[in-house]
Amino acid sequence: MLRRIIPATAAAALLLAGVTGCSAQQAQASDCKTTLQPGALSDGTTVLGSFGDVPEISAPEDLEILSTQRTVVEYGDSDGYVAEEQSLVGVNMAFFDAATGDALFQSEGFTDPSQPPQPLLVAEETANPLSEAVRCSVPGDRIVLALSPEESTQLGGQLGATGADAVVGVVDVVSTAPTVAEGTKRGLPNGFPAVVTDEEGRVGVVLPPTEAPAGTTSAVRISGEGAEVTADDNVIAQVLAVGWDGMEQENTWDTGLKLLYTEADIAQSGVTYRAELTGKPIGSQVVVVENEGAANARVVVVDILGVS
């Protein structure tokens, strides 16, 4: 039976693993270097269906490989953002037992377009077969990933495979983006702190010499062009939180991207600013000023990078 679970390696590829800032400058595809190369199994695997279709595969029989391989079988938008180092890539993926062609896992996005793609973080410090498979990809790419024996055993076991056969994946690249907000800049309302970014997109805050506005208010500093965040989305974000006393409380530019859960879930954790992100486009930078009590006044700058 097809198991609709997120592989642990995919979850580990997500975020929360010591990500640093990246340059928002786009690389040319020819400048991006992949770490995985085509091989006999990835080249020899036939994929039925085109990008976006539920894939089926037929892999060569009795073919043993020693290392993980990657082959692009369908190319996407040549003008799309290239998933270079420090990129967030949204994918739909399916994994198969190479010997039988039986499906072990399939992203819900293949059959339900309303489901968000599963996020992978392309970063050297958190490299794994899934994230490296999409390095240098663009939206519309369909990639065959043939896992090494060791990695097949690990992932196959997580997906419920009972044998020791190779695992082959088909990965559709739905979206690619940098790990910084990019879009049209806007001015902030009076009373808000000044927010600046350096050449890498890293955020800084300059507080005004006034008291914080009462209550919770928010404004969009950078307007993205992605889909709007819903209350039921998990939000992938960069977050800088600074108290009105100037003390830094949180900085994911140092600690790694953060997953902000749904409005209902996040309310239980005390992350009060999650509701301010609902309705904002992906790719936006949102500045939130919270002052529900003088001792707790702070500013939170959130780069909305994606949803899951």
# chains A, B, ... in the order shown; residues from 1 in each chain; ligands from 1
>>> residues_around(residues="Pro55 in chain A", least_positions_apart="2", cutoff="10 Å", atoms="only C-alpha atoms", output="PyMOL selection string")
chain A and resi 46-53+57+93-96+103+106+110+169-172
>>> residues_around(residues="Pro60 in chain A", least_positions_apart="6", cutoff="12 Å", atoms="only C-alpha atoms", output="MDAnalysis selection string")
chainID A and resid 39:47 97:101 146 166 168
>>> write_last_selection(atoms="all heavy atoms", output="tab-separated table (two decimals), in the first residue's frame")
chain	number	residue	atom	x	y	z
A	39	GLY	N	24.06	8.54	-13.77
A	39	GLY	CA	24.70	7.23	-13.75
A	39	GLY	C	23.83	6.21	-14.45
A	39	GLY	O	22.75	6.53	-14.98
A	40	ALA	N	24.28	4.97	-14.43
A	40	ALA	CA	23.60	3.91	-15.18
A	40	ALA	C	22.15	3.71	-14.73
A	40	ALA	O	21.26	3.50	-15.56
A	40	ALA	CB	24.38	2.62	-15.05
A	41	LEU	N	21.91	3.78	-13.41
A	41	LEU	CA	20.55	3.53	-12.92
A	41	LEU	C	19.65	4.74	-13.14
A	41	LEU	O	18.51	4.60	-13.59
A	41	LEU	CB	20.58	3.14	-11.44
A	41	LEU	CG	19.24	2.77	-10.81
A	41	LEU	CD1	18.51	1.69	-11.63
A	41	LEU	CD2	19.43	2.30	-9.37
A	42	SER	N	20.14	5.94	-12.83
A	42	SER	CA	19.29	7.12	-13.03
A	42	SER	C	19.04	7.38	-14.52
A	42	SER	O	17.94	7.77	-14.92
A	42	SER	CB	19.92	8.36	-12.36
A	42	SER	OG	21.16	8.69	-12.95
A	43	ASP	N	20.07	7.13	-15.36
A	43	ASP	CA	19.88	7.29	-16.81
A	43	ASP	C	18.98	6.21	-17.39
A	43	ASP	O	18.22	6.45	-18.34
A	43	ASP	CB	21.23	7.24	-17.53
A	43	ASP	CG	21.98	8.56	-17.45
A	43	ASP	OD1	21.38	9.57	-17.06
A	43	ASP	OD2	23.19	8.58	-17.78
A	44	GLY	N	19.06	5.01	-16.83
A	44	GLY	CA	18.34	3.87	-17.40
A	44	GLY	C	16.91	3.73	-16.92
A	44	GLY	O	16.16	2.89	-17.44
A	45	THR	N	16.51	4.52	-15.95
A	45	THR	CA	15.14	4.43	-15.43
A	45	THR	C	14.18	5.20	-16.34
A	45	THR	O	14.40	6.36	-16.66
A	45	THR	CB	15.07	5.01	-14.00
A	45	THR	OG1	15.87	4.21	-13.12
A	45	THR	CG2	13.63	5.03	-13.49
A	46	THR	N	13.13	4.52	-16.77
A	46	THR	CA	12.09	5.14	-17.60
A	46	THR	C	10.97	5.65	-16.71
A	46	THR	O	10.49	4.92	-15.84
A	46	THR	CB	11.52	4.13	-18.61
A	46	THR	OG1	12.58	3.67	-19.46
A	46	THR	CG2	10.43	4.75	-19.45
A	47	VAL	N	10.59	6.89	-16.92
A	47	VAL	CA	9.50	7.49	-16.14
A	47	VAL	C	8.31	7.70	-17.06
A	47	VAL	O	8.42	8.35	-18.11
A	47	VAL	CB	9.93	8.84	-15.53
A	47	VAL	CG1	8.78	9.43	-14.71
A	47	VAL	CG2	11.16	8.66	-14.65
A	97	ASP	N	10.39	1.08	-5.27
A	97	ASP	CA	11.29	-0.07	-5.23
A	97	ASP	C	11.76	-0.30	-6.66
A	97	ASP	O	10.95	-0.57	-7.56
A	97	ASP	CB	10.53	-1.28	-4.69
A	97	ASP	CG	11.42	-2.51	-4.56
A	97	ASP	OD1	12.15	-2.84	-5.53
A	97	ASP	OD2	11.37	-3.17	-3.51
A	98	ALA	N	13.06	-0.14	-6.89
A	98	ALA	CA	13.58	-0.21	-8.26
A	98	ALA	C	13.34	-1.58	-8.89
A	98	ALA	O	13.14	-1.68	-10.11
A	98	ALA	CB	15.07	0.12	-8.28
A	99	ALA	N	13.37	-2.64	-8.10
A	99	ALA	CA	13.22	-3.99	-8.65
A	99	ALA	C	11.81	-4.28	-9.12
A	99	ALA	O	11.59	-4.92	-10.14
A	99	ALA	CB	13.66	-5.02	-7.61
A	100	THR	N	10.81	-3.78	-8.36
A	100	THR	CA	9.42	-4.11	-8.66
A	100	THR	C	8.66	-2.95	-9.29
A	100	THR	O	7.61	-3.16	-9.91
A	100	THR	CB	8.68	-4.53	-7.38
A	100	THR	OG1	8.65	-3.41	-6.48
A	100	THR	CG2	9.40	-5.70	-6.71
A	101	GLY	N	9.17	-1.73	-9.11
A	101	GLY	CA	8.44	-0.56	-9.57
A	101	GLY	C	7.32	-0.15	-8.64
A	101	GLY	O	6.57	0.79	-8.94
A	146	ALA	N	18.50	8.07	-8.09
A	146	ALA	CA	18.78	6.66	-7.79
A	146	ALA	C	19.71	6.62	-6.58
A	146	ALA	O	20.84	7.10	-6.65
A	146	ALA	CB	19.41	5.97	-8.98
A	166	ALA	N	17.27	-1.42	-4.50
A	166	ALA	CA	17.53	0.01	-4.65
A	166	ALA	C	16.23	0.79	-4.63
A	166	ALA	O	15.18	0.31	-5.05
A	166	ALA	CB	18.29	0.26	-5.95
A	168	VAL	N	14.44	4.25	-6.02
A	168	VAL	CA	14.52	5.29	-7.05
A	168	VAL	C	13.43	6.31	-6.79
A	168	VAL	O	12.28	5.95	-6.50
A	168	VAL	CB	14.36	4.68	-8.46
A	168	VAL	CG1	14.20	5.79	-9.51
A	168	VAL	CG2	15.56	3.81	-8.80
>>> residues_around(residues="Val302 in chain A", least_positions_apart="2", cutoff="9 Å", atoms="only C-alpha atoms", output="NGL selection string")
:A and (181 or 237-241 or 277 or 284-288 or 300 or 304)
>>> closest_atom_pairs(of="range 89-162 of chain A", to="range 255-260 of chain A", cutoff="12 Å", atoms="only C-alpha atoms", output="tab-separated table")
residue	atom	partner	partner_atom	distance
A:Pro119	CA	A:Leu259	CA	10.9
A:Leu120	CA	A:Leu257	CA	11.6
A:Leu121	CA	A:Leu257	CA	9.4
A:Ala123	CA	A:Gly256	CA	10.9
A:Glu125	CA	A:Gly256	CA	10.9
A:Thr126	CA	A:Gly256	CA	10.6
>>> atom_distance(atom1="CA of Val235 in chain A", atom2="CA of Asp141 in chain A")
24.1 Å
>>> residues_around(residues="Ser137 in chain A", least_positions_apart="6", cutoff="10 Å", atoms="only C-alpha atoms", output="PyMOL selection string")
chain A and resi 29+32+34+72+75-78+80-84+89+143+172-173+175-176
>>> write_last_selection(atoms="N, CA and C atoms", output="compact mmCIF listing (two decimals), in the first residue's frame")
# COMPACT_ATOMS: atom_id res chain seq x y z
N ALA A 29 22.49 29.41 -14.50
CA ALA A 29 22.45 27.96 -14.37
C ALA A 29 23.81 27.34 -14.68
N CYS A 32 26.15 27.14 -11.67
CA CYS A 32 25.78 26.29 -10.54
C CYS A 32 26.33 24.89 -10.75
N THR A 34 26.44 20.95 -9.63
CA THR A 34 25.77 19.89 -8.90
C THR A 34 26.79 18.98 -8.24
N VAL A 72 18.32 14.58 -14.87
CA VAL A 72 17.17 15.42 -15.21
C VAL A 72 16.53 14.83 -16.46
N TYR A 75 13.15 19.14 -18.53
CA TYR A 75 13.68 20.45 -18.14
C TYR A 75 12.57 21.48 -18.08
N GLY A 76 12.69 22.37 -17.09
CA GLY A 76 11.67 23.37 -16.86
C GLY A 76 12.02 24.73 -17.42
N ASP A 77 11.65 25.77 -16.68
CA ASP A 77 11.78 27.15 -17.12
C ASP A 77 13.24 27.59 -17.10
N SER A 78 13.80 27.81 -18.27
CA SER A 78 15.22 28.19 -18.36
C SER A 78 15.47 29.55 -17.74
N GLY A 80 13.91 30.50 -14.94
CA GLY A 80 13.50 30.42 -13.54
C GLY A 80 14.67 30.60 -12.59
N TYR A 81 14.35 30.83 -11.33
CA TYR A 81 15.39 30.98 -10.30
C TYR A 81 16.12 29.66 -10.12
N VAL A 82 17.43 29.71 -10.22
CA VAL A 82 18.25 28.51 -10.10
C VAL A 82 18.50 28.21 -8.62
N ALA A 83 18.25 26.98 -8.22
CA ALA A 83 18.40 26.59 -6.81
C ALA A 83 19.87 26.37 -6.47
N GLU A 84 20.56 27.48 -6.31
CA GLU A 84 21.96 27.41 -5.92
C GLU A 84 22.05 27.25 -4.41
N VAL A 89 13.53 24.96 -1.98
CA VAL A 89 12.94 24.33 -3.16
C VAL A 89 11.69 23.56 -2.75
N ILE A 143 13.26 15.17 -12.06
CA ILE A 143 14.56 14.57 -11.77
C ILE A 143 14.37 13.14 -11.30
N ASP A 172 9.67 16.28 -8.81
CA ASP A 172 9.21 17.41 -9.62
C ASP A 172 9.49 18.70 -8.85
N VAL A 173 10.25 19.60 -9.46
CA VAL A 173 10.58 20.87 -8.82
C VAL A 173 9.46 21.87 -9.13
N SER A 175 8.83 24.83 -7.17
CA SER A 175 9.22 26.21 -6.92
C SER A 175 10.65 26.27 -6.41
N THR A 176 11.32 27.38 -6.67
CA THR A 176 12.66 27.63 -6.16
C THR A 176 12.72 29.09 -5.70
>>> closest_residue(among="A:Asp245, A:Asp232, A:Glu200, A:Asp102", to="Pro116 in chain A", atoms="only C-alpha atoms")
A:Asp232
>>> select_by_dssp(residues="range 33-256 of chain A", states="helix (DSSP H, G or I)", output="VMD selection string")
chain A and resid 40 to 44 108 to 110 124 to 126 129 to 133 149 to 158 252 to 255
>>> write_last_selection(atoms="N, CA and C atoms", output="CSV table (one decimal), in the first residue's frame")
chain,number,residue,atom,x,y,z
A,40,ALA,N,24.3,5.0,-14.4
A,40,ALA,CA,23.6,3.9,-15.2
A,40,ALA,C,22.2,3.7,-14.7
A,41,LEU,N,21.9,3.8,-13.4
A,41,LEU,CA,20.6,3.5,-12.9
A,41,LEU,C,19.6,4.7,-13.1
A,42,SER,N,20.1,5.9,-12.8
A,42,SER,CA,19.3,7.1,-13.0
A,42,SER,C,19.0,7.4,-14.5
A,43,ASP,N,20.1,7.1,-15.4
A,43,ASP,CA,19.9,7.3,-16.8
A,43,ASP,C,19.0,6.2,-17.4
A,44,GLY,N,19.1,5.0,-16.8
A,44,GLY,CA,18.3,3.9,-17.4
A,44,GLY,C,16.9,3.7,-16.9
A,108,GLU,N,1.2,14.2,-1.8
A,108,GLU,CA,-0.2,14.5,-2.1
A,108,GLU,C,-0.4,15.5,-3.2
A,109,GLY,N,0.6,16.3,-3.4
A,109,GLY,CA,0.5,17.4,-4.4
A,109,GLY,C,0.3,16.8,-5.8
A,110,PHE,N,0.7,15.6,-6.1
A,110,PHE,CA,0.5,15.0,-7.4
A,110,PHE,C,-0.9,14.8,-7.8
A,124,GLU,N,25.0,23.5,1.9
A,124,GLU,CA,26.1,22.6,2.1
A,124,GLU,C,26.2,21.9,3.5
A,125,GLU,N,25.8,22.7,4.5
A,125,GLU,CA,25.9,22.2,5.9
A,125,GLU,C,24.9,21.2,6.2
A,126,THR,N,23.8,21.2,5.5
A,126,THR,CA,22.7,20.2,5.7
A,126,THR,C,22.5,19.3,4.5
A,129,PRO,N,20.8,13.4,0.2
A,129,PRO,CA,20.5,13.1,-1.2
A,129,PRO,C,19.3,13.8,-1.8
A,130,LEU,N,18.3,14.1,-1.0
A,130,LEU,CA,17.1,14.8,-1.6
A,130,LEU,C,17.5,16.2,-1.9
A,131,SER,N,18.1,16.9,-1.0
A,131,SER,CA,18.4,18.3,-1.3
A,131,SER,C,19.4,18.5,-2.4
A,132,GLU,N,20.4,17.6,-2.4
A,132,GLU,CA,21.4,17.6,-3.5
A,132,GLU,C,20.8,17.3,-4.8
A,133,ALA,N,19.8,16.5,-4.8
A,133,ALA,CA,19.1,16.1,-6.1
A,133,ALA,C,18.6,17.3,-6.8
A,149,PRO,N,23.2,2.0,-2.3
A,149,PRO,CA,22.7,0.9,-1.4
A,149,PRO,C,22.5,1.3,0.0
A,150,GLU,N,23.5,2.1,0.6
A,150,GLU,CA,23.3,2.5,2.0
A,150,GLU,C,22.1,3.4,2.2
A,151,GLU,N,22.0,4.4,1.2
A,151,GLU,CA,20.9,5.4,1.4
A,151,GLU,C,19.6,4.7,1.0
A,152,SER,N,19.6,3.7,0.1
A,152,SER,CA,18.3,3.0,-0.2
A,152,SER,C,17.8,2.3,1.0
A,153,THR,N,18.8,1.6,1.7
A,153,THR,CA,18.4,0.9,2.9
A,153,THR,C,17.8,1.8,3.9
A,154,GLN,N,18.4,3.0,4.1
A,154,GLN,CA,17.9,3.9,5.1
A,154,GLN,C,16.5,4.4,4.8
A,155,LEU,N,16.4,5.0,3.6
A,155,LEU,CA,15.1,5.6,3.2
A,155,LEU,C,14.1,4.5,3.0
A,156,GLY,N,14.5,3.4,2.4
A,156,GLY,CA,13.5,2.3,2.1
A,156,GLY,C,12.9,1.8,3.4
A,157,GLY,N,13.8,1.7,4.5
A,157,GLY,CA,13.3,1.2,5.8
A,157,GLY,C,12.3,2.2,6.4
A,158,GLN,N,12.5,3.5,6.2
A,158,GLN,CA,11.6,4.5,6.7
A,158,GLN,C,10.3,4.5,6.0
A,252,THR,N,17.1,33.9,13.4
A,252,THR,CA,17.3,32.7,12.6
A,252,THR,C,18.4,32.8,11.6
A,253,TRP,N,18.8,34.1,11.3
A,253,TRP,CA,20.0,34.2,10.4
A,253,TRP,C,21.2,33.6,11.0
A,254,ASP,N,21.2,33.4,12.3
A,254,ASP,CA,22.3,32.7,13.0
A,254,ASP,C,22.0,31.3,13.3
A,255,THR,N,20.7,31.0,13.6
A,255,THR,CA,20.4,29.7,14.1
A,255,THR,C,19.7,28.7,13.1
>>> closest_atom_pairs(of="range 257-295 of chain A", to="range 218-227 of chain A", cutoff="12 Å", atoms="only C-alpha atoms", output="Markdown table")
| residue | atom | partner | partner_atom | distance |
| --- | --- | --- | --- | --- |
| A:Thr272 | CA | A:Ser218 | CA | 12.0 |
| A:Tyr273 | CA | A:Ser218 | CA | 8.9 |
| A:Arg274 | CA | A:Ser218 | CA | 11.0 |
| A:Ala275 | CA | A:Ser218 | CA | 10.2 |
| A:Glu276 | CA | A:Ser218 | CA | 6.6 |
| A:Leu277 | CA | A:Ser218 | CA | 8.9 |
| A:Thr278 | CA | A:Ala227 | CA | 10.8 |
| A:Gly279 | CA | A:Ala227 | CA | 8.9 |
| A:Lys280 | CA | A:Val220 | CA | 8.1 |
| A:Pro281 | CA | A:Gly226 | CA | 5.1 |
| A:Ile282 | CA | A:Gly226 | CA | 4.4 |
| A:Gly283 | CA | A:Gly224 | CA | 4.1 |
| A:Ser284 | CA | A:Gly224 | CA | 4.2 |
| A:Gln285 | CA | A:Ile222 | CA | 4.8 |
| A:Val286 | CA | A:Val220 | CA | 4.5 |
| A:Val287 | CA | A:Ala219 | CA | 5.4 |
| A:Val288 | CA | A:Ser218 | CA | 4.2 |
| A:Val289 | CA | A:Ser218 | CA | 6.1 |
| A:Glu290 | CA | A:Ser218 | CA | 8.5 |
| A:Asn291 | CA | A:Ser218 | CA | 11.5 |
